[in-house]
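Colleague: Please find data_18.cif (mmCIF, C-alpha atoms) on the next line:
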```cif
data_input
loop_
_atom_site.label_atom_id
_atom_site.label_comp_id
_atom_site.auth_asym_id
_atom_site.auth_seq_id
_atom_site.Cartn_x
_atom_site.Cartn_y
_atom_site.Cartn_z
CA VAL L 937 0.00 0.00 0.00
CA ASP L 938 2.83 2.39 0.84
CA ARG L 939 4.46 1.68 -2.54
CA ALA L 940 1.18 2.31 -4.38
CA ARG L 941 0.62 5.53 -2.46
CA ARG L 942 4.14 6.71 -3.25
CA LEU L 943 3.73 5.93 -6.95
CA ALA L 944 0.41 7.76 -6.99
CA THR L 945 1.73 10.89 -5.29
CA ASP L 946 5.43 11.11 -6.23
CA PRO L 947 6.27 11.83 -9.87
CA ALA L 948 9.95 11.06 -9.26
CA ALA L 949 9.05 7.58 -7.97
CA ARG L 950 6.98 6.97 -11.12
CA GLU L 951 9.88 8.09 -13.30
CA ARG L 952 12.32 5.76 -11.51
CA ARG L 953 9.93 2.82 -11.88
CA ALA L 954 9.42 3.61 -15.58
CA ALA L 955 13.20 3.69 -16.08
CA VAL L 956 13.56 0.31 -14.38
CA LEU L 957 10.82 -1.20 -16.54
CA LYS L 958 12.55 0.06 -19.71
CA LEU L 959 15.89 -1.42 -18.65
CA PRO L 960 15.51 -4.66 -20.68
CA LEU L 961 15.29 -2.60 -23.87
CA ARG L 962 18.67 -0.98 -23.16
CA LEU L 963 20.77 -4.12 -22.83
CA ASP L 964 21.74 -4.71 -26.46
CA GLU L 965 25.42 -3.86 -25.94
CA ILE L 966 27.91 -4.33 -23.12
CA GLY L 967 28.20 -0.55 -22.73
CA GLY L 968 24.44 -0.29 -22.38
CA CYS L 969 24.50 -2.96 -19.66
CA LEU L 970 27.18 -1.14 -17.69
CA LYS L 971 25.48 2.24 -18.10
CA ALA L 972 22.10 0.83 -17.03
CA ALA L 973 23.70 -0.76 -13.97
CA GLN L 974 25.41 2.51 -13.00
CA GLU L 975 22.16 4.45 -13.42
CA LEU L 976 20.24 1.94 -11.31
CA VAL L 977 22.79 2.10 -8.48
CA ASP L 978 23.02 5.92 -8.71
CA ALA L 979 19.22 6.25 -8.54
CA ALA L 980 19.17 4.06 -5.41
CA ALA L 981 21.96 6.15 -3.86
CA ASP L 982 20.11 9.37 -4.68
CA ASP L 983 16.94 7.98 -3.08
CA ALA L 984 18.85 7.05 0.04
CA LYS L 985 20.56 10.42 0.19
CA ALA L 986 17.31 12.34 -0.22
CA LEU L 987 15.58 10.33 2.49
CA ALA L 988 18.53 10.53 4.87
CA GLU L 989 19.56 14.18 4.58
CA GLU L 990 16.54 15.66 6.31
CA MET L 991 16.41 12.97 8.99
CA ASP L 992 20.16 13.10 9.64
CA ALA L 993 20.20 16.87 10.08
CA LYS L 994 17.27 16.75 12.50
CA GLU L 995 18.83 13.91 14.55
CA THR L 996 22.18 15.68 14.70
CA GLU L 997 20.66 18.94 15.91
CA GLU L 998 18.51 17.15 18.50
CA LEU L 999 21.52 15.27 19.86
CA LYS L 1000 23.62 18.42 20.00
CA ALA L 1001 20.85 20.18 21.91
CA ALA L 1002 20.52 17.21 24.26
CA LEU L 1003 24.26 17.29 24.90
CA GLY L 1004 24.12 20.97 25.80
CA ALA L 1005 25.56 22.59 22.70
CA ALA L 1006 24.13 25.99 21.90
CA GLN L 1007 22.77 26.59 18.40
CA GLY L 1008 25.89 26.37 16.21
CA GLY L 1009 28.10 26.27 19.31
CA ARG L 1010 30.72 23.80 20.45
CA LEU L 1011 29.94 20.48 22.01
CA PRO L 1012 30.97 19.84 25.62
CA ARG L 1013 34.10 17.77 26.20
CA GLY L 1014 33.70 14.01 26.08
CA THR L 1015 30.76 14.00 23.68
CA ALA L 1016 32.66 13.37 20.44
CA GLY L 1017 32.15 9.60 20.83
CA VAL L 1018 28.40 10.02 21.05
CA MET L 1019 28.39 12.13 17.89
CA LYS L 1020 30.56 9.54 16.12
CA ASP L 1021 28.11 6.79 17.11
CA LEU L 1022 25.25 8.81 15.61
CA GLU L 1023 27.20 9.36 12.37
CA ASP L 1024 27.92 5.63 12.13
CA LYS L 1025 24.24 4.82 12.69
CA GLN L 1026 23.24 7.31 9.99
CA LYS L 1027 25.76 5.85 7.54
CA ARG L 1028 24.43 2.30 8.14
CA ARG L 1029 20.88 3.53 7.65
CA ARG L 1030 21.84 5.25 4.38
CA THR L 1031 23.46 2.03 3.12
CA ARG L 1032 20.43 -0.02 4.15
CA THR L 1033 18.09 2.48 2.47
CA GLN L 1034 20.13 2.31 -0.74
CA ARG L 1035 19.97 -1.49 -0.73
CA ASP L 1036 16.22 -1.38 -0.02
CA SER L 1037 15.73 0.98 -2.95
CA LEU L 1038 17.75 -1.33 -5.21
CA ASP L 1039 15.74 -4.30 -3.97
CA LEU L 1040 12.53 -2.50 -4.86
CA ALA L 1041 13.83 -1.89 -8.40
CA LEU L 1042 14.81 -5.57 -8.68
CA THR L 1043 11.34 -6.58 -7.51
CA ASP L 1044 9.83 -4.41 -10.27
CA LEU L 1045 12.18 -5.99 -12.80
CA THR L 1046 11.26 -9.50 -11.64
CA ALA L 1047 7.57 -8.65 -12.03
CA LEU L 1048 8.25 -7.42 -15.56
CA TYR L 1049 9.93 -10.69 -16.54
CA ARG L 1050 7.12 -12.64 -14.86
CA ASP L 1051 4.69 -10.82 -17.16
CA VAL L 1052 6.95 -11.55 -20.14
CA LEU L 1053 6.93 -15.23 -19.23
CA ALA L 1054 3.14 -15.21 -18.91
CA LEU L 1055 2.86 -13.74 -22.41
CA GLN L 1056 5.35 -16.24 -23.83
CA LEU L 1057 3.46 -19.17 -22.36
CA GLY L 1058 0.03 -17.83 -23.33
CA SER L 1059 -1.08 -17.75 -19.71
CA ARG L 1060 -4.32 -16.07 -18.78
CA VAL L 1061 -3.01 -14.56 -15.55
CA ALA L 1062 -3.43 -10.84 -15.12
CA ILE L 1063 -0.48 -8.76 -16.28
CA ALA L 1064 0.90 -6.71 -13.39
CA ASN L 1065 2.63 -4.16 -15.64
CA ALA L 1066 -0.11 -3.40 -18.13
CA ASP L 1067 1.16 0.18 -18.35
CA VAL L 1068 4.24 -1.08 -20.26
CA GLU L 1069 2.54 -3.75 -22.34
CA ASP L 1070 4.43 -2.71 -25.47
CA THR L 1071 7.74 -3.38 -23.68
CA LEU L 1072 6.44 -6.71 -22.41
CA GLU L 1073 5.42 -7.83 -25.89
CA ARG L 1074 8.69 -6.67 -27.43
CA VAL L 1075 10.77 -8.56 -24.87
CA ALA L 1076 8.51 -11.62 -25.13
CA ARG L 1077 8.90 -11.75 -28.91
CA GLY L 1078 12.67 -11.35 -28.71
CA SER L 1079 13.37 -14.29 -26.43
CA SER L 1080 12.29 -17.74 -25.31
CA PRO L 1081 10.60 -18.77 -22.05
CA GLU L 1082 13.83 -20.51 -21.04
CA SER L 1083 15.87 -17.32 -21.41
CA THR L 1084 13.21 -15.41 -19.47
CA LEU L 1085 13.55 -17.89 -16.62
CA ARG L 1086 17.34 -17.44 -16.70
CA ARG L 1087 16.82 -13.68 -16.49
CA ILE L 1088 14.57 -14.07 -13.46
CA GLU L 1089 17.26 -16.26 -11.89
CA ALA L 1090 19.87 -13.57 -12.63
CA ILE L 1091 17.78 -11.01 -10.78
CA ALA L 1092 17.41 -13.41 -7.83
CA ALA L 1093 21.18 -13.96 -7.85
CA CYS L 1094 21.73 -10.19 -7.75
CA ARG L 1095 19.39 -9.86 -4.78
CA GLU L 1096 21.25 -12.66 -3.03
CA ALA L 1097 24.61 -11.02 -3.76
CA LEU L 1098 23.35 -7.74 -2.30
CA ASP L 1099 22.23 -9.63 0.82
CA ARG L 1100 25.79 -10.96 1.13
CA ASN L 1101 27.14 -7.38 0.99
CA VAL L 1102 28.61 -7.56 -2.50
CA ALA L 1103 29.27 -4.05 -3.80
CA PRO L 1104 25.98 -2.89 -5.34
CA LEU L 1105 27.52 -1.78 -8.65
CA LEU L 1106 29.34 -5.07 -9.10
CA ALA L 1107 26.21 -7.11 -8.36
CA VAL L 1108 24.00 -5.05 -10.67
CA GLU L 1109 26.58 -5.07 -13.48
CA ALA L 1110 26.76 -8.86 -13.28
CA MET L 1111 22.96 -8.97 -13.40
CA THR L 1112 22.63 -6.68 -16.42
CA MET L 1113 25.22 -8.74 -18.29
CA SER L 1114 23.23 -11.89 -17.48
CA LEU L 1115 20.02 -10.22 -18.58
CA ARG L 1116 21.67 -9.36 -21.88
CA ALA L 1117 22.88 -12.94 -22.40
CA GLY L 1118 19.50 -14.40 -21.52
#
```
If you convert what's in this file into C-alpha cells, what do you get?
Modeller:
Amino acid sequence: VDRARRLATDPAARERRAAVLKLPLRLDEIGGCLKAAQELVDAAADDAKALAEEMDAKETEELKAALGAAQGGRLPRGTAGVMKDLEDKQKRRRTRTQRDSLDLALTDLTALYRDVLALQLGSRVAIANADVEDTLERVARGSSPESTLRRIEAIAACREALDRNVAPLLAVEAMTMSLRAG
C-alpha cells in the first residue's frame, strides 16, 4: 500500500519505476548494460541520500541540543564519541536504504519478466505491468521462455549477492550482463 501511495503521489518515484521497466530494452550492448547498472545504483543512492539528509540533520541537531551545545556552538568535552556513534548509525541507515531501494527496483524488474513469461506461455493470468505492455510484448517476442527464466534467476542472484554485501555496482553489473545474455 505504501508503494502504491508513493507511486500515486510522487512523480519522481513513477519516473524511476518507468526507467527500471525500460531497462531490458537498453541491454543490447555491453556498454548499455554497464550504463544501465550505473544508473540503477546511482538512482538508489540518490533515493537514500534524499531520504537521509533531512532525517540526519534533525537527529544531529537534536543530539547536539541534548548534549548541551548551543545553536551552532561547540559540544561539551567528552561527547565526540556520542556524535561519532550517531554518524555511524546514519551511515548504516543510508546504506540499508540504498539497498532497499535497489531491492525494490529488482522486484519491479522481476515482475516485468514474470509478465513476459506469462505472455510467452500464453497464460491467462493478469499482467501486473499493463502500463508497459508494449515493452512486455517486445521482450517476449525477442526471447524464449527458457531465457526469461534465466533472467529471473539472474535477478534473484543479484538480490542474493546484495544480501551478502557484495558491492551494489558489481552485483548489478553482473545482473545486467546476465540479462543481456539471456
Colleague: Can you translate the PyMOL selection byres ((chain L and resi 1040) around 12) into the concrete residues it hits in this file, as a list in words?
Modeller: Arg939, Ala949, Arg952, Arg953, Val956, Leu957, Leu976, Val977, Ala979, Ala980, Asp983, Thr1033, Gln1034, Arg1035, Asp1036, Ser1037, Leu1038, Asp1039, Ala1041, Leu1042, Thr1043, Asp1044, Leu1045, Thr1046, Ala1047, Ile1091 and Arg1095 of chain L
Colleague: Would you output that residue set with C-alpha atoms, as an mmCIF file, keeping the file's coordinate frame?
Modeller:
```cif
data_model
loop_
_atom_site.group_PDB
_atom_site.id
_atom_site.type_symbol
_atom_site.label_atom_id
_atom_site.label_comp_id
_atom_site.auth_asym_id
_atom_site.auth_seq_id
_atom_site.Cartn_x
_atom_site.Cartn_y
_atom_site.Cartn_z
ATOM 1 C CA ARG L 939 4.460 1.680 -2.540
ATOM 2 C CA ALA L 949 9.050 7.580 -7.970
ATOM 3 C CA ARG L 952 12.320 5.760 -11.510
ATOM 4 C CA ARG L 953 9.930 2.820 -11.880
ATOM 5 C CA VAL L 956 13.560 0.310 -14.380
ATOM 6 C CA LEU L 957 10.820 -1.200 -16.540
ATOM 7 C CA LEU L 976 20.240 1.940 -11.310
ATOM 8 C CA VAL L 977 22.790 2.100 -8.480
ATOM 9 C CA ALA L 979 19.220 6.250 -8.540
ATOM 10 C CA ALA L 980 19.170 4.060 -5.410
ATOM 11 C CA ASP L 983 16.940 7.980 -3.080
ATOM 12 C CA THR L 1033 18.090 2.480 2.470
ATOM 13 C CA GLN L 1034 20.130 2.310 -0.740
ATOM 14 C CA ARG L 1035 19.970 -1.490 -0.730
ATOM 15 C CA ASP L 1036 16.220 -1.380 -0.020
ATOM 16 C CA SER L 1037 15.730 0.980 -2.950
ATOM 17 C CA LEU L 1038 17.750 -1.330 -5.210
ATOM 18 C CA ASP L 1039 15.740 -4.300 -3.970
ATOM 19 C CA ALA L 1041 13.830 -1.890 -8.400
ATOM 20 C CA LEU L 1042 14.810 -5.570 -8.680
ATOM 21 C CA THR L 1043 11.340 -6.580 -7.510
ATOM 22 C CA ASP L 1044 9.830 -4.410 -10.270
ATOM 23 C CA LEU L 1045 12.180 -5.990 -12.800
ATOM 24 C CA THR L 1046 11.260 -9.500 -11.640
ATOM 25 C CA ALA L 1047 7.570 -8.650 -12.030
ATOM 26 C CA ILE L 1091 17.780 -11.010 -10.780
ATOM 27 C CA ARG L 1095 19.390 -9.860 -4.780
#
```
Colleague: Return the single residue from L:Met1113, L:Ala984, L:Leu1057, L:Ala1097 that is closest to Pro1081 in chain L, with distances computed using all atoms listed in the file.
Modeller: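 Among the listed residues, the smallest separation from Pro1081 in chain L belongs to L:Leu1057.
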Colleague: Taking the file above as input, evaluate the PyMOL selection byres ((chain L and resi 1087) around 12) and report the hits as a PyMOL selection string.
Modeller: chain L and resi 960+1042+1045-1050+1052-1053+1075+1079-1086+1088-1094+1110-1118
Colleague: Write the residues of the preceding selection, restricted to C-alpha atoms, as a PDB file, in the coordinates of the input.
Modeller:
```pdb
ATOM      1  CA  PRO L 960      15.510  -4.660 -20.680  1.00  0.00           C
ATOM      2  CA  LEU L1042      14.810  -5.570  -8.680  1.00  0.00           C
ATOM      3  CA  LEU L1045      12.180  -5.990 -12.800  1.00  0.00           C
ATOM      4  CA  THR L1046      11.260  -9.500 -11.640  1.00  0.00           C
ATOM      5  CA  ALA L1047       7.570  -8.650 -12.030  1.00  0.00           C
ATOM      6  CA  LEU L1048       8.250  -7.420 -15.560  1.00  0.00           C
ATOM      7  CA  TYR L1049       9.930 -10.690 -16.540  1.00  0.00           C
ATOM      8  CA  ARG L1050       7.120 -12.640 -14.860  1.00  0.00           C
ATOM      9  CA  VAL L1052       6.950 -11.550 -20.140  1.00  0.00           C
ATOM     10  CA  LEU L1053       6.930 -15.230 -19.230  1.00  0.00           C
ATOM     11  CA  VAL L1075      10.770  -8.560 -24.870  1.00  0.00           C
ATOM     12  CA  SER L1079      13.370 -14.290 -26.430  1.00  0.00           C
ATOM     13  CA  SER L1080      12.290 -17.740 -25.310  1.00  0.00           C
ATOM     14  CA  PRO L1081      10.600 -18.770 -22.050  1.00  0.00           C
ATOM     15  CA  GLU L1082      13.830 -20.510 -21.040  1.00  0.00           C
ATOM     16  CA  SER L1083      15.870 -17.320 -21.410  1.00  0.00           C
ATOM     17  CA  THR L1084      13.210 -15.410 -19.470  1.00  0.00           C
ATOM     18  CA  LEU L1085      13.550 -17.890 -16.620  1.00  0.00           C
ATOM     19  CA  ARG L1086      17.340 -17.440 -16.700  1.00  0.00           C
ATOM     20  CA  ILE L1088      14.570 -14.070 -13.460  1.00  0.00           C
ATOM     21  CA  GLU L1089      17.260 -16.260 -11.890  1.00  0.00           C
ATOM     22  CA  ALA L1090      19.870 -13.570 -12.630  1.00  0.00           C
ATOM     23  CA  ILE L1091      17.780 -11.010 -10.780  1.00  0.00           C
ATOM     24  CA  ALA L1092      17.410 -13.410  -7.830  1.00  0.00           C
ATOM     25  CA  ALA L1093      21.180 -13.960  -7.850  1.00  0.00           C
ATOM     26  CA  CYS L1094      21.730 -10.190  -7.750  1.00  0.00           C
ATOM     27  CA  ALA L1110      26.760  -8.860 -13.280  1.00  0.00           C
ATOM     28  CA  MET L1111      22.960  -8.970 -13.400  1.00  0.00           C
ATOM     29  CA  THR L1112      22.630  -6.680 -16.420  1.00  0.00           C
ATOM     30  CA  MET L1113      25.220  -8.740 -18.290  1.00  0.00           C
ATOM     31  CA  SER L1114      23.230 -11.890 -17.480  1.00  0.00           C
ATOM     32  CA  LEU L1115      20.020 -10.220 -18.580  1.00  0.00           C
ATOM     33  CA  ARG L1116      21.670  -9.360 -21.880  1.00  0.00           C
ATOM     34  CA  ALA L1117      22.880 -12.940 -22.400  1.00  0.00           C
ATOM     35  CA  GLY L1118      19.500 -14.400 -21.520  1.00  0.00           C
TER      36      GLY L1118
END
```
Colleague: Identify all residues satisfying the PyMOL selection byres ((chain L and resi 1014-1028) around 8) in the given file; provide them as an MDAnalysis selection string.
Modeller: chainID L and resid 988 992 996 999 1003 1011:1013 1029:1032
Colleague: At what distance in Å, to one decimal, does CA of Glu965 in chain L lie from CA of Ala1076 in chain L?
Modeller: 18.6 Å
Colleague: Using all atoms listed in the file, can you tell me which of L:Asp1070, L:Ala1064, L:Val1108, L:Glu1096 comes closest to Leu961 in chain L?
Modeller: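 Of L:Asp1070, L:Ala1064, L:Val1108, L:Glu1096, the one nearest Leu961 in chain L, counting all atoms listed in the file, is L:Asp1070.
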Colleague: So what do you get for CA of Ala993 in chain L versus CA of Leu1105 in chain L, distance-wise?
Modeller: 27.4 Å
Colleague: One decimal, in Å: what's the spacing between CA of Thr1071 in chain L and CA of Asp964 in chain L?
Modeller: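 CA of Asp964 in chain L lies 14.3 Å from CA of Thr1071 in chain L.
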Colleague: Hey, could you pull the box centre and edge lengths for range 945-950 of chain L, axis-aligned, 6 Å padding per side, all listed atoms, to one decimal in Å, as JSON?
Modeller:
```
{"center_x": 5.8, "center_y": 9.4, "center_z": -8.2, "size_x": 20.2, "size_y": 16.9, "size_z": 17.8}
```
Colleague: Counting all atoms listed in the file, which residue out of L:Ala1066, L:Leu1106, L:Leu1055, L:Ala1002 sits closest to Gly1078 in chain L?
Modeller: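 Looking only at the distances to Gly1078 in chain L, the closest residue turns out to be L:Leu1055.
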Colleague: Write out as a ChimeraX atom specification which residues come within 8 Å of Asn1065 in chain L when counting only C-alpha atoms, dropping same-chain ones fewer than 2 positions away.
Modeller: /L:1047-1048,1051,1063,1067-1069
